[in-house]
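Shown next: query37.txt, given as compact mmCIF, C-alpha atoms.
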```txt
# COMPACT_ATOMS: atom_id res chain seq x y z
CA MET A 1 79.09 28.29 47.34
CA ARG A 2 78.48 30.25 44.15
CA GLY A 3 78.64 26.99 42.16
CA LYS A 4 75.93 25.42 44.27
CA TRP A 5 73.56 28.33 43.65
CA PHE A 6 74.29 28.15 39.93
CA THR A 7 73.52 24.43 39.87
CA LEU A 8 70.24 24.99 41.76
CA ALA A 9 69.18 27.70 39.30
CA VAL A 10 69.86 25.41 36.33
CA LEU A 11 67.80 22.63 37.91
CA CYS A 12 64.84 25.02 38.47
CA VAL A 13 64.90 26.10 34.84
CA PHE A 14 65.06 22.45 33.78
CA PHE A 15 61.99 21.47 35.86
CA VAL A 16 59.98 24.45 34.55
CA ALA A 17 60.77 23.39 30.99
CA ILE A 18 59.60 19.85 31.75
CA LEU A 19 56.33 21.10 33.25
CA ALA A 20 55.68 23.31 30.22
CA GLY A 21 56.27 20.40 27.87
CA CYS A 22 53.84 18.16 29.81
CA GLY A 23 50.82 20.35 29.21
CA GLY A 24 51.46 23.18 31.58
CA GLY A 25 50.88 25.64 28.73
CA PRO A 26 47.58 26.58 27.05
CA PRO A 27 45.77 23.70 25.20
CA THR A 28 46.18 23.50 21.46
CA SER A 29 42.81 23.27 19.63
CA THR A 30 42.38 20.78 16.77
CA PRO A 31 40.54 22.34 13.82
CA THR A 32 37.23 20.62 12.90
CA PRO A 33 37.45 19.27 9.36
CA SER A 34 35.00 20.75 6.89
CA PRO A 35 32.22 18.34 5.75
CA THR A 36 32.86 16.71 2.40
CA LYS A 37 29.37 15.24 1.88
CA THR A 38 26.11 17.10 1.27
CA ALA A 39 23.49 16.75 3.99
CA LYS A 40 20.86 14.21 2.93
CA PRO A 41 17.31 15.39 2.12
CA GLU A 42 14.09 14.27 3.77
CA ILE A 43 10.69 13.44 2.28
CA VAL A 44 8.02 15.62 3.87
CA SER A 45 4.98 14.17 2.08
CA ALA A 46 3.93 11.91 -0.79
CA ILE A 47 0.47 12.66 -2.18
CA ALA A 48 -1.54 10.55 -4.65
CA GLY A 49 -4.91 12.15 -5.30
CA ALA A 50 -6.67 12.33 -1.93
CA ARG A 51 -4.25 9.88 -0.28
CA THR A 52 -1.21 10.75 1.81
CA LEU A 53 1.19 7.87 1.30
CA GLN A 54 3.65 6.29 3.69
CA SER A 55 6.69 4.35 2.59
CA GLY A 56 5.56 0.76 1.95
CA ASP A 57 2.02 1.65 0.84
CA ALA A 58 0.37 0.10 -2.21
CA ILE A 59 -0.81 2.10 -5.22
CA GLN A 60 -2.38 1.20 -8.55
CA PRO A 61 -0.36 1.21 -11.79
CA ALA A 62 -0.03 4.60 -13.51
CA THR A 63 -0.75 6.46 -10.24
CA ALA A 64 0.70 9.99 -10.15
CA VAL A 65 2.56 10.77 -6.91
CA ASN A 66 3.81 14.21 -5.89
CA PHE A 67 6.71 14.23 -3.44
CA THR A 68 7.59 17.29 -1.38
CA GLY A 69 10.80 17.41 0.58
CA GLN A 70 13.43 19.45 2.36
CA GLY A 71 17.17 19.57 1.79
CA PRO A 72 20.09 21.99 1.65
CA ALA A 73 19.39 25.31 -0.07
CA ASP A 74 20.13 25.49 -3.79
CA ALA A 75 21.10 21.82 -4.01
CA VAL A 76 20.37 19.37 -6.80
CA ILE A 77 18.05 16.55 -5.68
CA ARG A 78 18.71 13.37 -7.62
CA VAL A 79 16.06 10.64 -7.72
CA TYR A 80 16.99 7.05 -8.52
CA SER A 81 14.97 3.91 -9.17
CA GLY A 82 17.43 1.21 -8.32
CA ALA A 83 20.69 2.34 -9.87
CA THR A 84 18.97 4.37 -12.60
CA LEU A 85 18.73 8.15 -12.34
CA ILE A 86 15.13 9.02 -13.25
CA GLY A 87 15.03 12.75 -12.53
CA THR A 88 16.49 15.78 -10.83
CA VAL A 89 15.08 18.93 -9.22
CA THR A 90 16.74 21.87 -7.45
CA THR A 91 15.84 23.04 -3.98
CA ASN A 92 14.92 26.69 -3.48
CA ALA A 93 16.63 29.15 -1.16
CA ALA A 94 14.70 27.63 1.77
CA GLY A 95 15.70 24.06 0.81
CA ALA A 96 12.22 22.95 -0.33
CA PHE A 97 11.63 20.83 -3.42
CA ASN A 98 8.85 19.01 -5.32
CA PHE A 99 9.19 15.93 -7.49
CA ALA A 100 6.41 14.41 -9.61
CA TRP A 101 6.52 10.70 -10.41
CA THR A 102 4.12 8.28 -12.11
CA ALA A 103 4.04 4.58 -11.31
CA GLY A 104 4.66 2.13 -14.11
CA ALA A 105 2.36 -0.62 -15.37
CA THR A 106 4.30 -3.55 -13.90
CA GLU A 107 3.21 -4.90 -10.53
CA GLY A 108 5.86 -5.15 -7.84
CA THR A 109 7.85 -3.16 -5.31
CA THR A 110 9.56 0.06 -6.38
CA THR A 111 12.05 1.91 -4.18
CA LEU A 112 12.86 5.52 -5.03
CA GLN A 113 16.05 6.94 -3.53
CA PHE A 114 16.55 10.68 -3.07
CA THR A 115 20.01 12.27 -2.70
CA ALA A 116 21.24 15.88 -2.50
CA LYS A 117 24.32 17.41 -4.16
CA LYS A 118 25.91 20.80 -3.52
CA PRO A 119 28.42 22.03 -6.11
CA ASP A 120 31.36 22.01 -3.67
CA LEU A 121 30.43 18.79 -1.82
CA ASP A 122 30.00 15.09 -2.55
CA GLU A 123 26.57 13.56 -3.12
CA SER A 124 24.65 12.80 0.08
CA ASP A 125 23.58 9.44 1.41
CA PRO A 126 20.24 8.33 -0.09
CA VAL A 127 16.81 8.53 1.52
CA ALA A 128 14.51 5.68 0.38
CA PHE A 129 10.74 5.70 -0.22
CA THR A 130 9.14 2.37 -1.17
CA LEU A 131 5.82 1.84 -2.96
CA VAL A 132 4.08 -1.39 -3.99
CA ILE A 133 2.46 -1.24 -7.42
CA ASP A 134 -0.65 -3.44 -7.27
CA GLY A 135 -3.21 -3.77 -10.04
CA THR A 136 -5.07 -6.89 -8.85
CA GLY A 137 -7.98 -6.91 -6.41
CA PRO A 138 -8.27 -9.18 -3.36
CA SER A 139 -9.56 -12.74 -3.72
CA ILE A 140 -10.27 -15.69 -1.40
CA VAL A 141 -7.32 -18.07 -1.20
CA SER A 142 -8.38 -20.58 1.47
CA GLY A 143 -11.30 -21.87 3.51
CA SER A 144 -11.63 -24.23 6.44
CA ALA A 145 -14.11 -25.66 8.95
CA LYS A 146 -14.24 -28.48 11.49
CA ALA A 147 -17.04 -30.98 12.00
CA ASP A 148 -19.29 -30.46 15.01
CA ALA A 149 -22.53 -31.73 16.49
CA PRO A 150 -25.75 -29.75 17.15
CA GLY A 151 -26.21 -28.27 20.60
CA GLY A 152 -22.53 -27.66 21.31
CA THR A 153 -20.43 -24.72 20.29
CA PRO A 154 -21.54 -23.02 17.07
CA PRO A 155 -19.84 -24.24 13.88
CA VAL A 156 -17.29 -21.84 12.41
CA ILE A 157 -16.20 -21.36 8.80
CA THR A 158 -13.01 -19.39 8.18
CA ILE A 159 -12.04 -17.88 4.85
CA VAL A 160 -8.84 -15.98 4.09
CA PHE A 161 -8.24 -13.33 1.43
CA ASN A 162 -4.85 -12.92 -0.21
CA GLU A 163 -4.38 -9.33 1.04
CA PRO A 164 -5.90 -6.96 3.61
CA LEU A 165 -9.38 -5.65 2.82
CA VAL A 166 -10.46 -2.02 2.90
CA VAL A 167 -14.20 -2.10 3.70
CA SER A 168 -16.29 1.00 3.09
CA ASP A 169 -19.00 0.10 5.62
CA MET A 170 -18.37 -2.52 8.31
CA THR A 171 -22.02 -2.44 9.39
CA GLN A 172 -23.06 -3.56 5.93
CA PHE A 173 -20.19 -6.06 5.67
CA THR A 174 -21.14 -7.83 8.93
CA LEU A 175 -24.92 -7.64 8.38
CA VAL A 176 -26.84 -10.84 9.22
CA PRO A 177 -28.70 -12.24 7.34
CA SER A 178 -26.03 -11.38 4.79
CA PRO A 179 -26.79 -10.36 1.23
CA PHE A 180 -23.06 -10.59 0.45
CA PHE A 181 -21.99 -14.02 1.78
CA THR A 182 -23.53 -17.28 0.50
CA ILE A 183 -22.74 -20.65 2.09
CA VAL A 184 -23.71 -23.90 0.34
CA LEU A 185 -23.18 -27.34 1.92
CA GLY A 186 -22.50 -30.24 -0.46
CA GLY A 187 -23.79 -32.94 1.90
CA PRO A 188 -25.71 -33.55 5.13
CA GLY A 189 -25.61 -30.71 7.64
CA LEU A 190 -27.01 -27.28 8.38
CA PHE A 191 -25.40 -23.84 8.66
CA ASN A 192 -27.42 -20.74 9.58
CA LEU A 193 -25.13 -17.71 9.60
CA SER A 194 -25.36 -15.77 12.89
CA GLN A 195 -22.19 -13.66 12.96
CA ILE A 196 -19.54 -12.25 10.58
CA ALA A 197 -16.21 -10.89 11.82
CA LEU A 198 -13.18 -9.47 10.02
CA GLY A 199 -9.91 -10.32 11.79
CA ALA A 200 -7.24 -7.90 12.92
CA ASP A 201 -5.14 -8.82 9.88
CA LYS A 202 -8.01 -7.57 7.66
CA LYS A 203 -7.66 -10.77 5.60
CA THR A 204 -9.39 -13.42 7.74
CA VAL A 205 -13.20 -13.57 7.82
CA THR A 206 -14.95 -15.74 10.41
CA LEU A 207 -18.47 -16.95 9.65
CA THR A 208 -20.23 -18.35 12.72
CA GLY A 209 -23.31 -20.57 12.63
CA THR A 210 -26.03 -21.28 15.22
CA ALA A 211 -25.15 -23.59 18.10
CA LEU A 212 -28.55 -25.19 18.80
CA THR A 213 -29.45 -26.21 15.26
CA ASP A 214 -26.39 -26.29 13.01
CA GLN A 215 -24.08 -29.14 12.15
CA LEU A 216 -21.10 -29.54 9.83
CA THR A 217 -20.32 -33.12 8.82
CA ALA A 218 -16.75 -34.23 8.20
CA GLY A 219 -15.95 -34.86 4.54
CA ILE A 220 -18.68 -32.72 2.96
CA ALA A 221 -17.79 -29.91 0.55
CA VAL A 222 -18.54 -26.31 1.48
CA LEU A 223 -18.85 -23.48 -1.02
CA VAL A 224 -18.46 -19.92 0.27
CA GLN A 225 -19.16 -17.08 -2.14
CA PHE A 226 -18.75 -13.33 -1.55
CA VAL A 227 -20.12 -10.50 -3.70
CA THR A 228 -20.55 -6.77 -3.23
CA PHE A 229 -23.15 -4.37 -4.57
CA GLY A 230 -24.98 -1.18 -3.62
CA PRO A 231 -23.26 1.04 -1.06
CA LEU A 232 -20.74 -1.62 0.05
CA THR A 233 -17.33 -1.53 -1.59
CA VAL A 234 -14.43 -3.80 -0.71
CA THR A 235 -10.99 -3.07 -2.13
CA ASP A 236 -7.33 -3.55 -1.30
CA GLN A 237 -5.09 -0.73 -0.05
CA ALA A 238 -4.26 0.29 -3.61
CA GLY A 239 -7.97 0.75 -4.37
CA ASN A 240 -8.48 -2.33 -6.57
CA PRO A 241 -12.01 -3.76 -6.15
CA CYS A 242 -12.45 -7.29 -4.86
CA VAL A 243 -12.40 -9.96 -7.57
CA LEU A 244 -16.06 -10.98 -7.96
CA PRO A 245 -17.48 -13.37 -7.32
CA ALA A 246 -14.87 -14.24 -4.70
CA GLN A 247 -15.40 -17.88 -3.82
CA ILE A 248 -13.73 -20.98 -2.42
CA THR A 249 -14.72 -24.66 -2.10
CA PHE A 250 -13.16 -26.81 0.63
CA THR A 251 -13.85 -29.96 2.65
CA VAL A 252 -14.91 -30.03 6.30
CA SER A 253 -12.20 -31.64 8.43
CA PRO A 254 -12.94 -34.11 11.27
```
Could you rewrite the structure in this file as structure tokens?
Amino acid sequence: MRGKWFTLAVLCVFFVAILAGCGGGPPTSTPTPSPTKTAKPEIVSAIAGARTLQSGDAIQPATAVNFTGQGPADAVIRVYSGATLIGTVTTNAAGAFNFAWTAGATEGTTTLQFTAKKPDLDESDPVAFTLVIDGTGPSIVSGSAKADAPGGTPPVITIVFNEPLVVSDMTQFTLVPSPFFTIVLGGPGLFNLSQIALGADKKTVTLTGTALTDQLTAGIAVLVQFVTFGPLTVTDQAGNPCVLPAQITFTVSP
């Protein structure tokens, strides 16, 4: 009888040991590894004169841009153009920094990349800010119109600029009769301008004639010329004035 009780006691101890080994005890916490990479900075603003720039905006050559940003406190901010390090600044105790940069003379897209580096950590992932350096003003690149007969729908001439326009005064730009747009037909027909509209893309300009009297004949040449003067200014996003006179000659299609 005593042997049976001894055997039962051993079995109880055995089962308790199994339960403890299967998670019956307190959970063991896994320590969180310390970060090895510096937190990346952020660009708070990019100012060029009176303009607040967004990544992807266009600026003129030699434009001075002041970047302000936020990163880890007392970290070195490294600024790269491509793979080339072009400058460094150090954040203050609050993590703020300023970086001054001047655009070059070559037209094209420039991407600046900002990283942060703490002494005891690896360099952060980069934060990119892209600017398009543009020193050439907008110009007309195409024109088109279809033949029509008097009394139907009004004839329409469409011209397209190579880049979006920034117009100082849309009331002046769309004024009819227009002192800024000249339309010359190189053959039989008539075109009396009644409406001017700038498209949503800011590149396409629609010139509409008069339905009852006007006619565009297939095969004739059309010259459209655009100039600005007085209070009206037309530039691109970078601030380059429109190439003047902006003009295009094309043939009316059937």
Which residues, written as a PyMOL selection string, have at least one atom at most 12 Å from Val76 of chain A, with only C-alpha atoms counted and residues fewer than 4 positions away on the same chain left out?
chain A and resi 38-41+70-72+87-93+95-99+114-124
Which residues of segment 139-176 of chain A come within 9 Å of segment 211-217 of chain A, and what is each one's closest atom pair and distance in Å (one decimal), counting all atoms listed in the file, sorted by chain and residue number, as a tab-separated table?
```
residue	atom	partner	partner_atom	distance
A:Ala145	CA	A:Leu216	CA	8.0
A:Lys146	CA	A:Leu216	CA	7.1
A:Ala147	CA	A:Leu216	CA	4.8
A:Asp148	CA	A:Leu216	CA	5.6
A:Ala149	CA	A:Gln215	CA	5.3
A:Pro150	CA	A:Gln215	CA	5.3
A:Gly151	CA	A:Leu212	CA	4.3
A:Gly152	CA	A:Ala211	CA	5.8
A:Thr153	CA	A:Ala211	CA	5.3
A:Pro154	CA	A:Ala211	CA	3.8
A:Pro155	CA	A:Gln215	CA	6.7
A:Val156	CA	A:Leu216	CA	9.0
```
If you count only C-alpha atoms, the residue of A:Ser139, A:Ser194, A:Asn66, A:Ser178 closest to Ala246 of chain A turns out to be A:Ser139
Quick one: what's the axis-aligned box for segment 191-206 of chain A, all listed atoms, 5 Å on every side, centre and edges in Å to one decimal, as lines of an AutoDock Vina configuration file?
```
center_x = -16.3
center_y = -15.7
center_z = 9.3
size_x = 32.3
size_y = 26.3
size_z = 17.4
```
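Taking atom CA of Thr63 of chain A and atom CA of Val160 of chain A as endpoints, the distance between them is 27.8 Å.
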Requested in this report: Compile the contact shell of segment 226-235 of chain A as a ChimeraX atom specification: residues with an atom at most 9 Å away, counting only C-alpha atoms, same-chain residues fewer than 4 positions apart removed.
Outcome: /A:137-138,140,164-170,172-173,179-182,239-247
Pairwise distance, atom CA of Ala103 of chain A with atom CA of Arg78 of chain A, equals 17.5 Å
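If all atoms listed in the file are the atoms counted, then among A:Val184, A:Ile77, A:Ala64, A:Ile133 the closest residue to Ala100 of chain A is A:Ala64.
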What's the 8 Å shell around Ala58 of chain A, counting only C-alpha atoms, without same-chain residues fewer than 3 positions away, as a ChimeraX atom specification? /A:131-134,237-238
